[in-house]
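Here is the structure we will look at.
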Amino acid sequence: MYQGSIVAVVTPMTDTGEVDFAAWERLIDWHLAEGSDGIVVCGTTGESPTVTLGEAAELTRRATARVRGRIPVVAGSGTNDTSRSIERTRELVAAGADAVLVVTPYYNKPTQEGLLQHFTAIADDAGVPVILYNVPSRTGVDLLPETARRLAQHPRIVSLKEATGNAVRLAELRESCGEELEILSGDDPTAAEWMLAGAVGVISVTANVAPRAMHELATAALAGDAARARELDRRLEPLHRSLFVEANPIPAKWAVQQLGLIKAGIRLPLTPLSAAGQISVREAMRAAGVPCA
């Protein structure tokens, strides 16, 4: 249902930190022109912790208006509070989201039974497809394959964004869930190999900077063209790594700024990319054939 290179879009902001909606619309148009297969509004890369629900809803409304059904618009609606996640999901669905991306609850570290009940309650109320999001390096909790299998029985839970990058985990998920739950990579450095091994796409940070190349990589991998997918991945590999020299989305926002698409704004507690980080990202952009100021 949700396949290919799905870009987790940065949220453009002015130098004083307000959301830059005009730049947002330009970004959406650019991703359409560059071949991105879907967009995620207010995921981690979109600074979801500091973007208000009202801002997220407006970003979603504007994205769906620009996209006009050509690619799916997925809105990040998960929090570590089940009732607040349900409320956020309702608002973003009302704003036009085709699906929602729901992260495992962070900080409060629920049990597997808590995860099952949390995601089930959200999906029961959602009215649109739900993509689960497992990123234990950020949240401190791991959605295990057996729990994913149980959640896959819910008719609205269609996909899992798995960000561990662990090939063993992919095999476990495919064995546990079979065809009932589509797997999306949430880790750019391993995404090509995951798609060659059965994942149906990637929710990508790198696609903020090289959307055409990530689209072509995903297309090749999903067609089983391993040689082409790996060739593209080798060229992008320095970019995959450099976009995490500091916490995401700090490097990605700086890189998109270098493309002339957004201003330098970012919200505390995140801060602008350091001088050393800029050198790393600039070199990686050039290696990947991406123009850099």
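Ligands are numbered from 1 in the order shown, residues from 1 within each chain, and chains are lettered A, B, ... in the order they appear in the structure tokens.
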Go through segment 239-292 of chain A residue by residue and, counting only C-alpha atoms, keep those with an atom at most 10 Å from segment 187-194 of chain A; for each kept residue give the shortest atom pair and its distance in Å to one decimal, ordered by chain and increasing number, as JSON lines.
{"residue": "A:Leu239", "atom": "CA", "partner": "A:Pro189", "partner_atom": "CA", "distance": 9.0}
{"residue": "A:His240", "atom": "CA", "partner": "A:Pro189", "partner_atom": "CA", "distance": 5.6}
{"residue": "A:Arg241", "atom": "CA", "partner": "A:Pro189", "partner_atom": "CA", "distance": 7.1}
{"residue": "A:Leu243", "atom": "CA", "partner": "A:Asp188", "partner_atom": "CA", "distance": 9.9}
For the selection just defined, write its residues with C-alpha atoms to a file, as a compact mmCIF listing (two decimals), in the first residue's frame.
# COMPACT_ATOMS: atom_id res chain seq x y z
CA LEU A 239 25.14 11.08 2.59
CA HIS A 240 23.30 8.40 4.58
CA ARG A 241 26.02 8.62 7.24
CA LEU A 243 22.95 13.21 7.79
Would you give me, as JSON lines, each residue of segment 244-265 of chain A having an atom within 8 Å of an atom of segment 204-212 of chain A, along with its shortest atom pair and that distance in Å to one decimal, using only C-alpha atoms and sorting by chain and residue number?
{"residue": "A:Ala252", "atom": "CA", "partner": "A:Asn208", "partner_atom": "CA", "distance": 7.0}
{"residue": "A:Ala255", "atom": "CA", "partner": "A:Val209", "partner_atom": "CA", "distance": 6.6}
{"residue": "A:Val256", "atom": "CA", "partner": "A:Val209", "partner_atom": "CA", "distance": 6.0}
{"residue": "A:Leu259", "atom": "CA", "partner": "A:Val209", "partner_atom": "CA", "distance": 7.9}
### Query
Can you list, as a PyMOL selection string, every protein, DNA or RNA residue that comes within 10 Å of segment 140-150 of chain A when you count only C-alpha atoms, leaving out same-chain residues fewer than 5 positions away?
chain A and resi 103-113+115-116+120+132-135+157+159-160+162+164+169-178+180-181
Next, dump the selected residues to file, keeping only N, CA and C atoms, as a CSV table (one decimal), in the first residue's frame.
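Saved the output as selection.csv:
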chain,number,residue,atom,x,y,z
A,103,VAL,N,4.4,6.3,16.3
A,103,VAL,CA,5.7,5.8,17.0
A,103,VAL,C,5.3,5.1,18.3
A,104,THR,N,6.2,4.1,18.7
A,104,THR,CA,6.1,3.5,20.0
A,104,THR,C,6.2,4.6,21.1
A,105,PRO,N,5.4,4.5,22.1
A,105,PRO,CA,5.5,5.5,23.2
A,105,PRO,C,6.9,5.5,23.8
A,106,TYR,N,7.5,6.7,23.8
A,106,TYR,CA,8.8,7.0,24.3
A,106,TYR,C,8.8,7.4,25.8
A,107,TYR,N,9.9,7.2,26.4
A,107,TYR,CA,10.2,7.5,27.8
A,107,TYR,C,9.4,6.7,28.9
A,108,ASN,N,8.1,6.5,28.7
A,108,ASN,CA,7.4,5.7,29.8
A,108,ASN,C,7.6,4.2,29.6
A,109,LYS,N,8.1,3.7,28.5
A,109,LYS,CA,8.6,2.4,28.3
A,109,LYS,C,7.5,1.3,28.6
A,110,PRO,N,6.4,1.3,27.9
A,110,PRO,CA,5.4,0.3,28.2
A,110,PRO,C,5.9,-1.2,27.9
A,111,THR,N,5.2,-2.1,28.4
A,111,THR,CA,5.4,-3.5,28.1
A,111,THR,C,4.9,-3.8,26.7
A,112,GLN,N,5.1,-5.1,26.3
A,112,GLN,CA,4.6,-5.5,25.0
A,112,GLN,C,3.0,-5.5,25.0
A,113,GLU,N,2.4,-5.8,26.1
A,113,GLU,CA,1.0,-5.8,26.2
A,113,GLU,C,0.5,-4.3,26.2
A,115,LEU,N,2.0,-1.9,24.5
A,115,LEU,CA,2.2,-1.5,23.1
A,115,LEU,C,1.0,-2.0,22.3
A,116,LEU,N,0.6,-3.3,22.6
A,116,LEU,CA,-0.5,-3.9,21.9
A,116,LEU,C,-1.8,-3.1,22.1
A,120,THR,N,-3.7,-0.6,19.3
A,120,THR,CA,-5.0,-1.1,19.0
A,120,THR,C,-6.0,0.0,19.2
A,132,LEU,N,2.8,1.5,11.9
A,132,LEU,CA,3.5,1.4,13.2
A,132,LEU,C,5.0,1.9,12.9
A,133,TYR,N,5.6,2.5,14.0
A,133,TYR,CA,7.0,3.0,13.9
A,133,TYR,C,7.8,2.5,15.1
A,134,ASN,N,8.8,1.7,14.8
A,134,ASN,CA,9.6,1.2,15.8
A,134,ASN,C,11.0,1.8,15.7
A,135,VAL,N,11.4,2.6,16.7
A,135,VAL,CA,12.8,3.2,16.7
A,135,VAL,C,13.4,3.1,18.1
A,157,ILE,N,-4.1,-1.6,10.6
A,157,ILE,CA,-2.7,-1.6,10.7
A,157,ILE,C,-2.1,-2.3,9.5
A,159,SER,N,1.3,-1.4,7.9
A,159,SER,CA,2.7,-1.4,7.7
A,159,SER,C,3.4,-1.2,9.0
A,160,LEU,N,4.7,-1.5,9.0
A,160,LEU,CA,5.6,-1.2,10.1
A,160,LEU,C,6.9,-0.5,9.6
A,162,GLU,N,10.4,0.0,10.5
A,162,GLU,CA,11.3,-0.6,11.4
A,162,GLU,C,12.7,0.1,11.2
A,164,THR,N,15.5,-0.3,13.2
A,164,THR,CA,16.7,-0.9,13.8
A,164,THR,C,17.8,-1.1,12.8
A,169,ARG,N,16.4,-8.9,12.4
A,169,ARG,CA,15.0,-8.4,12.7
A,169,ARG,C,14.1,-8.4,11.5
A,170,LEU,N,14.6,-8.1,10.4
A,170,LEU,CA,13.8,-8.1,9.2
A,170,LEU,C,13.3,-9.6,8.9
A,171,ALA,N,14.3,-10.5,9.0
A,171,ALA,CA,13.9,-11.9,8.8
A,171,ALA,C,12.9,-12.4,9.8
A,172,GLU,N,13.0,-12.0,11.1
A,172,GLU,CA,12.1,-12.4,12.1
A,172,GLU,C,10.7,-11.8,11.8
A,173,LEU,N,10.7,-10.5,11.4
A,173,LEU,CA,9.4,-9.9,11.1
A,173,LEU,C,8.7,-10.6,9.9
A,174,ARG,N,9.5,-10.9,8.9
A,174,ARG,CA,8.9,-11.5,7.7
A,174,ARG,C,8.3,-12.9,8.1
A,175,GLU,N,9.1,-13.7,8.9
A,175,GLU,CA,8.6,-15.0,9.3
A,175,GLU,C,7.4,-14.9,10.2
A,176,SER,N,7.4,-13.9,11.1
A,176,SER,CA,6.3,-13.8,12.1
A,176,SER,C,5.0,-13.2,11.4
A,177,CYS,N,5.2,-12.2,10.6
A,177,CYS,CA,4.0,-11.5,10.0
A,177,CYS,C,3.6,-11.9,8.6
A,178,GLY,N,4.5,-12.6,7.9
A,178,GLY,CA,4.2,-13.0,6.6
A,178,GLY,C,3.7,-11.9,5.7
A,180,GLU,N,0.9,-10.3,6.1
A,180,GLU,CA,-0.1,-9.6,6.8
A,180,GLU,C,0.3,-8.1,7.1
A,181,LEU,N,1.7,-7.9,7.2
A,181,LEU,CA,2.2,-6.6,7.5
A,181,LEU,C,3.3,-6.2,6.6
### Query
Can you tell me how far atom CA of Ile279 of chain A sits from atom CA of Cys292 of chain A, in Å to one decimal?
11.1 Å
### Query
Can you list every residue in segment 97-211 of chain A that DSSP puts in strand (DSSP E), as a count of residues only?
24
### Summary
In Å and to one decimal, atom CA of Ile122 of chain A is distant from atom CA of Ala97 of chain A by 14.8 Å
All residues 12 Å or closer to Asp225 of chain A, only C-alpha atoms, same chain fewer than 3 positions away omitted, as a PDB file with N, CA and C atoms, in the first residue's frame:
ATOM      1  N   ALA A 192      18.564  -0.271   1.101  1.00  0.00           N
ATOM      2  CA  ALA A 192      18.675  -0.997  -0.165  1.00  0.00           C
ATOM      3  C   ALA A 192      18.653  -2.499   0.076  1.00  0.00           C
ATOM      4  N   GLU A 193      19.459  -2.955   1.030  1.00  0.00           N
ATOM      5  CA  GLU A 193      19.499  -4.388   1.317  1.00  0.00           C
ATOM      6  C   GLU A 193      18.178  -4.885   1.881  1.00  0.00           C
ATOM      7  N   MET A 195      15.180  -3.684   1.156  1.00  0.00           N
ATOM      8  CA  MET A 195      14.219  -3.791   0.058  1.00  0.00           C
ATOM      9  C   MET A 195      14.534  -4.988  -0.828  1.00  0.00           C
ATOM     10  N   LEU A 196      15.804  -5.280  -1.040  1.00  0.00           N
ATOM     11  CA  LEU A 196      16.173  -6.470  -1.808  1.00  0.00           C
ATOM     12  C   LEU A 196      15.773  -7.743  -1.077  1.00  0.00           C
ATOM     13  N   ALA A 197      15.639  -7.660   0.257  1.00  0.00           N
ATOM     14  CA  ALA A 197      15.295  -8.831   1.074  1.00  0.00           C
ATOM     15  C   ALA A 197      13.814  -8.902   1.427  1.00  0.00           C
ATOM     16  N   GLU A 216      14.960   6.279  -7.402  1.00  0.00           N
ATOM     17  CA  GLU A 216      15.535   5.327  -8.356  1.00  0.00           C
ATOM     18  C   GLU A 216      16.099   4.106  -7.644  1.00  0.00           C
ATOM     19  N   LEU A 217      16.717   4.322  -6.477  1.00  0.00           N
ATOM     20  CA  LEU A 217      17.240   3.208  -5.694  1.00  0.00           C
ATOM     21  C   LEU A 217      16.102   2.268  -5.293  1.00  0.00           C
ATOM     22  N   ALA A 218      15.026   2.854  -4.766  1.00  0.00           N
ATOM     23  CA  ALA A 218      13.892   2.028  -4.329  1.00  0.00           C
ATOM     24  C   ALA A 218      13.264   1.297  -5.507  1.00  0.00           C
ATOM     25  N   THR A 219      13.122   1.979  -6.624  1.00  0.00           N
ATOM     26  CA  THR A 219      12.542   1.356  -7.814  1.00  0.00           C
ATOM     27  C   THR A 219      13.370   0.156  -8.258  1.00  0.00           C
ATOM     28  N   ALA A 220      14.690   0.337  -8.287  1.00  0.00           N
ATOM     29  CA  ALA A 220      15.570  -0.763  -8.691  1.00  0.00           C
ATOM     30  C   ALA A 220      15.495  -1.922  -7.709  1.00  0.00           C
ATOM     31  N   ALA A 221      15.557  -1.622  -6.416  1.00  0.00           N
ATOM     32  CA  ALA A 221      15.538  -2.686  -5.411  1.00  0.00           C
ATOM     33  C   ALA A 221      14.237  -3.461  -5.453  1.00  0.00           C
ATOM     34  N   LEU A 222      13.124  -2.759  -5.580  1.00  0.00           N
ATOM     35  CA  LEU A 222      11.829  -3.440  -5.581  1.00  0.00           C
ATOM     36  C   LEU A 222      11.605  -4.238  -6.854  1.00  0.00           C
ATOM     37  N   ARG A 228      21.924  -2.411  -9.798  1.00  0.00           N
ATOM     38  CA  ARG A 228      21.591  -0.990  -9.908  1.00  0.00           C
ATOM     39  C   ARG A 228      21.313  -0.386  -8.533  1.00  0.00           C
ATOM     40  N   ALA A 229      20.569  -1.098  -7.697  1.00  0.00           N
ATOM     41  CA  ALA A 229      20.260  -0.584  -6.364  1.00  0.00           C
ATOM     42  C   ALA A 229      21.539  -0.368  -5.560  1.00  0.00           C
ATOM     43  N   ARG A 230      22.453  -1.316  -5.632  1.00  0.00           N
ATOM     44  CA  ARG A 230      23.698  -1.193  -4.864  1.00  0.00           C
ATOM     45  C   ARG A 230      24.618  -0.124  -5.435  1.00  0.00           C
ATOM     46  N   GLU A 231      24.591   0.051  -6.738  1.00  0.00           N
ATOM     47  CA  GLU A 231      25.378   1.131  -7.349  1.00  0.00           C
ATOM     48  C   GLU A 231      24.913   2.498  -6.842  1.00  0.00           C
ATOM     49  N   LEU A 232      23.609   2.708  -6.839  1.00  0.00           N
ATOM     50  CA  LEU A 232      23.062   3.966  -6.332  1.00  0.00           C
ATOM     51  C   LEU A 232      23.341   4.117  -4.846  1.00  0.00           C
TER      52      LEU A 232
END
### Task
Apply DSSP to the structure's backbone, then extract all residues of segment 33-238 of chain A labelled helix (DSSP H, G or I) and return them as number ranges by chain.
A: 33-34, 44-46, 53-67, 82-94, 112-126, 136-139, 145-151, 167-177, 188-196, 206-208, 211-222, 226-238
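Among the candidate residues A:Gly17, A:Gly96, A:Val128, A:Glu246, the one lying nearest to Ser274 of chain A is A:Glu246, with distances computed using only C-alpha atoms.
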#### Entry: Which of A:Gly43, A:Pro49, A:Gly265, A:Gly186 sits closest to Pro136 of chain A [using only C-alpha atoms]
A:Gly186
### Message
What does the structure give for the distance between atom CA of Ala227 of chain A and atom CA of Ala167 of chain A, in Å to one decimal?
### Response
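Separating atom CA of Ala227 of chain A from atom CA of Ala167 of chain A is a distance of 19.1 Å.
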